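*Asks:* Before we start, here is the structure in question, set down as structure tokens.
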Amino acid sequence: MSPLKIKKGATSHSAYNLRPTFSDVVERHTLAVLVENEPGVLARVIGLFSGRGYNIDSLTVAEVDHTGHLSRITIVTSGTPQVIEQIKAQLGRIVTVHEVHDLTVEGASVERELAMFKVVNTGDKRVEALRLADIFRARVVDSTLESFIFEITGAPDKIDAFAELMRPLGLTDVARTGVAALSRGD
């Protein structure tokens, strides 16, 4: 019998895939974690991220079931697919965690964020700031002779775009709530 001439990593003549299956592409994921609403739970979840050097881009927490004492933590993080899988597995091992959902891979989801922007200006820049706010459907929630505070809700990209346009018009302060997300459909 003659030896097979198979190149290393070839899959067409082999029952084994010898090529690496991991990816080094960093992806952004939105995780929804349902936890018991008790002291120390958030610290344990955040400790998981900080202890392993994972970054959190956005974090939102609120009680969602008063009678069941459950809170929902929405975390936006970035990492390779292997890192994201590791994060989900480690979150699932925390005793007070009931459910972990990766909204990015489970299907379509809706993400929204609330932000407030303080813009200090006068004259034409003031008029331009009001015009842009109208285009972005931002509301004026406070006004003085020298400043406005705008409130805007929408996808994080919309909030980022509004901030970039307000910078040259006198943007001095920003407050953002972080991403709130829900999966669409059933």
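The chains in the structure tokens are called A, B, ... from first to last as shown; in each chain the residues are counted from 1, and the ligands are counted from 1 in the order shown.
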Can you tell me which residues surround stretch 137-146 of chain A at a distance of at most 12 Å, considering only C-alpha atoms, apart from same-chain residues fewer than 2 positions away, and format the answer as a short mmCIF file (atom, residue, chain, number, x, y, z; two decimals) with N, CA, C and O atoms, in the first residue's frame?
*Replies:*
```cif
data_model
loop_
_atom_site.label_atom_id
_atom_site.label_comp_id
_atom_site.auth_asym_id
_atom_site.auth_seq_id
_atom_site.Cartn_x
_atom_site.Cartn_y
_atom_site.Cartn_z
N LEU A 114 -29.80 56.36 26.22
CA LEU A 114 -30.21 57.73 26.52
C LEU A 114 -28.96 58.52 26.83
O LEU A 114 -28.06 58.03 27.52
N ALA A 115 -28.88 59.74 26.31
CA ALA A 115 -27.73 60.59 26.59
C ALA A 115 -28.20 62.03 26.75
O ALA A 115 -29.22 62.45 26.20
N MET A 116 -27.43 62.78 27.55
CA MET A 116 -27.65 64.22 27.70
C MET A 116 -26.35 64.93 27.33
O MET A 116 -25.27 64.48 27.71
N PHE A 117 -26.49 66.02 26.59
CA PHE A 117 -25.35 66.80 26.13
C PHE A 117 -25.50 68.25 26.55
O PHE A 117 -26.55 68.84 26.32
N LYS A 118 -24.47 68.80 27.17
CA LYS A 118 -24.48 70.22 27.50
C LYS A 118 -23.64 70.94 26.45
O LYS A 118 -22.46 70.62 26.24
N VAL A 119 -24.27 71.91 25.78
CA VAL A 119 -23.62 72.66 24.72
C VAL A 119 -23.65 74.14 25.10
O VAL A 119 -24.71 74.71 25.32
N VAL A 120 -22.46 74.73 25.20
CA VAL A 120 -22.33 76.15 25.56
C VAL A 120 -21.90 76.92 24.32
O VAL A 120 -20.84 76.65 23.75
N ASN A 121 -22.75 77.90 23.90
CA ASN A 121 -22.42 78.71 22.73
C ASN A 121 -23.35 79.92 22.64
O ASN A 121 -24.31 80.04 23.40
N THR A 122 -23.06 80.78 21.69
CA THR A 122 -23.90 81.96 21.43
C THR A 122 -23.96 82.19 19.92
O THR A 122 -23.18 81.62 19.16
N GLY A 123 -24.87 83.05 19.49
CA GLY A 123 -24.95 83.46 18.10
C GLY A 123 -25.32 82.34 17.14
O GLY A 123 -26.20 81.53 17.40
N LYS A 125 -23.71 79.67 16.26
CA LYS A 125 -23.48 78.31 16.74
C LYS A 125 -24.67 77.81 17.55
O LYS A 125 -25.00 76.62 17.52
N ARG A 126 -25.33 78.72 18.23
CA ARG A 126 -26.51 78.36 19.02
C ARG A 126 -27.65 77.91 18.10
O ARG A 126 -28.31 76.90 18.35
N VAL A 127 -27.84 78.65 17.04
CA VAL A 127 -28.88 78.32 16.06
C VAL A 127 -28.56 76.98 15.38
O VAL A 127 -29.44 76.15 15.18
N ALA A 129 -26.78 74.50 16.60
CA ALA A 129 -26.99 73.42 17.56
C ALA A 129 -28.47 73.04 17.65
O ALA A 129 -28.81 71.86 17.68
N LEU A 130 -29.34 74.03 17.65
CA LEU A 130 -30.78 73.75 17.69
C LEU A 130 -31.25 73.05 16.41
O LEU A 130 -32.09 72.16 16.45
N ARG A 131 -30.71 73.47 15.26
CA ARG A 131 -31.07 72.86 13.99
C ARG A 131 -30.66 71.38 13.96
O ARG A 131 -31.43 70.51 13.58
N LEU A 132 -29.43 71.09 14.38
CA LEU A 132 -28.95 69.71 14.42
C LEU A 132 -29.75 68.86 15.42
O LEU A 132 -30.04 67.70 15.16
N ALA A 133 -30.08 69.47 16.55
CA ALA A 133 -30.88 68.74 17.54
C ALA A 133 -32.23 68.34 16.95
O ALA A 133 -32.72 67.24 17.19
N ASP A 134 -32.82 69.22 16.16
CA ASP A 134 -34.10 68.93 15.52
C ASP A 134 -33.95 67.77 14.53
O ASP A 134 -34.80 66.87 14.48
N ILE A 135 -32.88 67.75 13.76
CA ILE A 135 -32.63 66.67 12.80
C ILE A 135 -32.48 65.33 13.51
O ILE A 135 -33.01 64.32 13.06
N PHE A 148 -27.40 75.01 26.34
CA PHE A 148 -28.51 74.09 26.20
C PHE A 148 -28.10 72.77 26.82
O PHE A 148 -26.93 72.39 26.79
N ILE A 149 -29.09 72.02 27.32
CA ILE A 149 -28.89 70.61 27.62
C ILE A 149 -29.88 69.86 26.76
O ILE A 149 -31.09 70.09 26.83
N PHE A 150 -29.32 69.00 25.89
CA PHE A 150 -30.13 68.19 24.99
C PHE A 150 -30.26 66.78 25.54
O PHE A 150 -29.32 66.24 26.11
N GLU A 151 -31.43 66.18 25.32
CA GLU A 151 -31.67 64.78 25.67
C GLU A 151 -31.94 64.05 24.36
O GLU A 151 -32.74 64.49 23.55
N ILE A 152 -31.25 62.93 24.16
CA ILE A 152 -31.42 62.17 22.93
C ILE A 152 -31.44 60.68 23.25
O ILE A 152 -30.72 60.23 24.14
N THR A 153 -32.31 59.95 22.57
CA THR A 153 -32.33 58.50 22.71
C THR A 153 -32.15 57.89 21.32
O THR A 153 -32.54 58.48 20.32
N GLY A 154 -31.58 56.71 21.30
CA GLY A 154 -31.39 56.02 20.03
C GLY A 154 -30.30 54.99 20.12
O GLY A 154 -29.77 54.70 21.20
N LYS A 158 -26.05 56.48 16.68
CA LYS A 158 -26.73 57.77 16.56
C LYS A 158 -26.22 58.74 17.64
O LYS A 158 -25.96 59.90 17.35
N ILE A 159 -26.05 58.24 18.86
CA ILE A 159 -25.56 59.08 19.96
C ILE A 159 -24.14 59.55 19.64
O ILE A 159 -23.80 60.73 19.83
N PHE A 162 -24.23 62.31 16.93
CA PHE A 162 -24.69 63.59 17.48
C PHE A 162 -23.57 64.25 18.28
O PHE A 162 -23.35 65.46 18.16
N ALA A 163 -22.85 63.47 19.06
CA ALA A 163 -21.74 64.03 19.85
C ALA A 163 -20.67 64.64 18.95
O ALA A 163 -20.16 65.73 19.24
N MET A 166 -21.79 67.97 17.65
CA MET A 166 -21.90 69.00 18.68
C MET A 166 -20.54 69.49 19.19
O MET A 166 -20.45 70.59 19.73
N GLY A 170 -19.54 73.65 20.72
CA GLY A 170 -19.43 74.00 22.13
C GLY A 170 -19.82 72.91 23.10
O GLY A 170 -20.21 73.22 24.24
N LEU A 171 -19.74 71.66 22.71
CA LEU A 171 -20.06 70.55 23.61
C LEU A 171 -19.08 70.57 24.79
O LEU A 171 -17.87 70.53 24.61
N THR A 172 -19.64 70.65 26.02
CA THR A 172 -18.78 70.70 27.21
C THR A 172 -18.94 69.51 28.14
O THR A 172 -18.03 69.21 28.90
#
```
*Asks:* At a cut-off of 7 Å, can you tabulate as CSV every residue of stretch 60-108 of chain A near stretch 37-50 of chain A together with its closest atom pair and the distance in Å to one decimal, using only C-alpha atoms and ordering rows by chain then number?
*Replies:*
```
residue,atom,partner,partner_atom,distance
A:Glu63,CA,A:Asn37,CA,6.9
A:His69,CA,A:Asn37,CA,5.1
A:Leu70,CA,A:Asn37,CA,4.9
A:Ser71,CA,A:Asn37,CA,5.3
A:Leu91,CA,A:Val45,CA,7.0
A:Thr96,CA,A:Val41,CA,6.8
```
*Asks:* What's the separation between atom CA of A:Thr74 and atom CA of A:Val25, in Å to one decimal place?
*Replies:*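 Separating atom CA of A:Thr74 from atom CA of A:Val25 is a distance of 22.5 Å.
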*Asks:* Can you tell me, as a compact mmCIF listing (two decimals) with C-alpha atoms, in the first residue's frame, which residues in stretch 4-176 of chain A count as strand (DSSP E) by DSSP?
*Replies:*
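Generated output (out-v8.txt):
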```
# COMPACT_ATOMS: atom_id res chain seq x y z
CA GLU A 27 -16.22 41.29 17.80
CA ARG A 28 -18.64 43.44 19.80
CA HIS A 29 -21.31 41.48 21.69
CA THR A 30 -24.30 42.48 23.80
CA LEU A 31 -24.97 40.12 26.69
CA ALA A 32 -28.20 40.08 28.72
CA VAL A 33 -27.75 38.47 32.13
CA LEU A 34 -30.69 37.76 34.46
CA VAL A 35 -29.52 37.67 38.08
CA GLU A 36 -30.90 37.63 41.60
CA ILE A 56 -16.81 46.40 29.42
CA ASP A 57 -17.90 48.99 26.85
CA SER A 58 -21.33 49.54 28.41
CA LEU A 59 -23.09 48.34 31.55
CA THR A 60 -26.75 48.80 32.48
CA VAL A 61 -28.47 47.28 35.51
CA ALA A 62 -32.05 47.49 36.77
CA GLU A 63 -34.55 45.37 38.67
CA VAL A 64 -37.00 43.83 36.20
CA ASP A 65 -39.09 41.57 38.47
CA LEU A 70 -34.57 39.60 39.60
CA SER A 71 -32.39 42.18 37.88
CA ARG A 72 -31.19 42.38 34.30
CA ILE A 73 -27.59 43.30 33.55
CA THR A 74 -26.92 44.36 29.98
CA ILE A 75 -23.22 44.24 29.14
CA VAL A 76 -21.60 45.33 25.89
CA THR A 77 -18.11 43.86 25.54
CA SER A 78 -15.59 43.05 22.83
CA GLY A 79 -13.44 40.02 22.24
CA VAL A 97 -27.01 34.11 37.61
CA HIS A 98 -30.23 32.62 36.20
CA GLU A 99 -29.78 33.18 32.44
CA VAL A 100 -27.11 34.44 30.04
CA HIS A 101 -28.15 35.50 26.54
CA ASP A 102 -25.83 36.70 23.77
CA SER A 109 -32.26 42.74 18.79
CA VAL A 110 -33.04 46.36 19.53
CA GLU A 111 -30.45 48.50 21.33
CA ARG A 112 -31.15 51.96 22.69
CA GLU A 113 -29.31 54.45 24.84
CA LEU A 114 -30.21 57.73 26.52
CA ALA A 115 -27.73 60.59 26.59
CA MET A 116 -27.65 64.22 27.70
CA PHE A 117 -25.35 66.80 26.13
CA LYS A 118 -24.48 70.22 27.50
CA VAL A 119 -23.62 72.66 24.72
CA VAL A 120 -22.33 76.15 25.56
CA ARG A 139 -35.10 67.50 22.98
CA VAL A 140 -34.01 70.62 24.80
CA VAL A 141 -34.49 69.84 28.51
CA ASP A 142 -32.73 72.94 29.88
CA SER A 143 -31.84 76.30 28.38
CA SER A 147 -26.18 76.94 27.07
CA PHE A 148 -28.51 74.09 26.20
CA ILE A 149 -28.89 70.61 27.62
CA PHE A 150 -30.13 68.19 24.99
CA GLU A 151 -31.67 64.78 25.67
CA ILE A 152 -31.42 62.17 22.93
CA THR A 153 -32.33 58.50 22.71
CA GLY A 154 -31.39 56.02 20.03
CA LEU A 171 -20.06 70.55 23.61
CA THR A 172 -18.78 70.70 27.21
CA ASP A 173 -20.33 67.74 29.03
CA VAL A 174 -21.89 64.36 28.21
CA ALA A 175 -23.82 61.84 30.33
CA ARG A 176 -24.79 58.46 28.83
```
*Asks:* Atom CA of A:Thr80 to atom CA of A:Leu103: how many Å, to one decimal?
*Replies:*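 If I compute the distance from atom CA of A:Thr80 to atom CA of A:Leu103, I get 15.8 Å.
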*Asks:* So how far away is atom CA of A:Val105 from atom CA of A:Asp24, in Å?
*Replies:*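 That distance, rounded to one decimal, is 17.4 Å.
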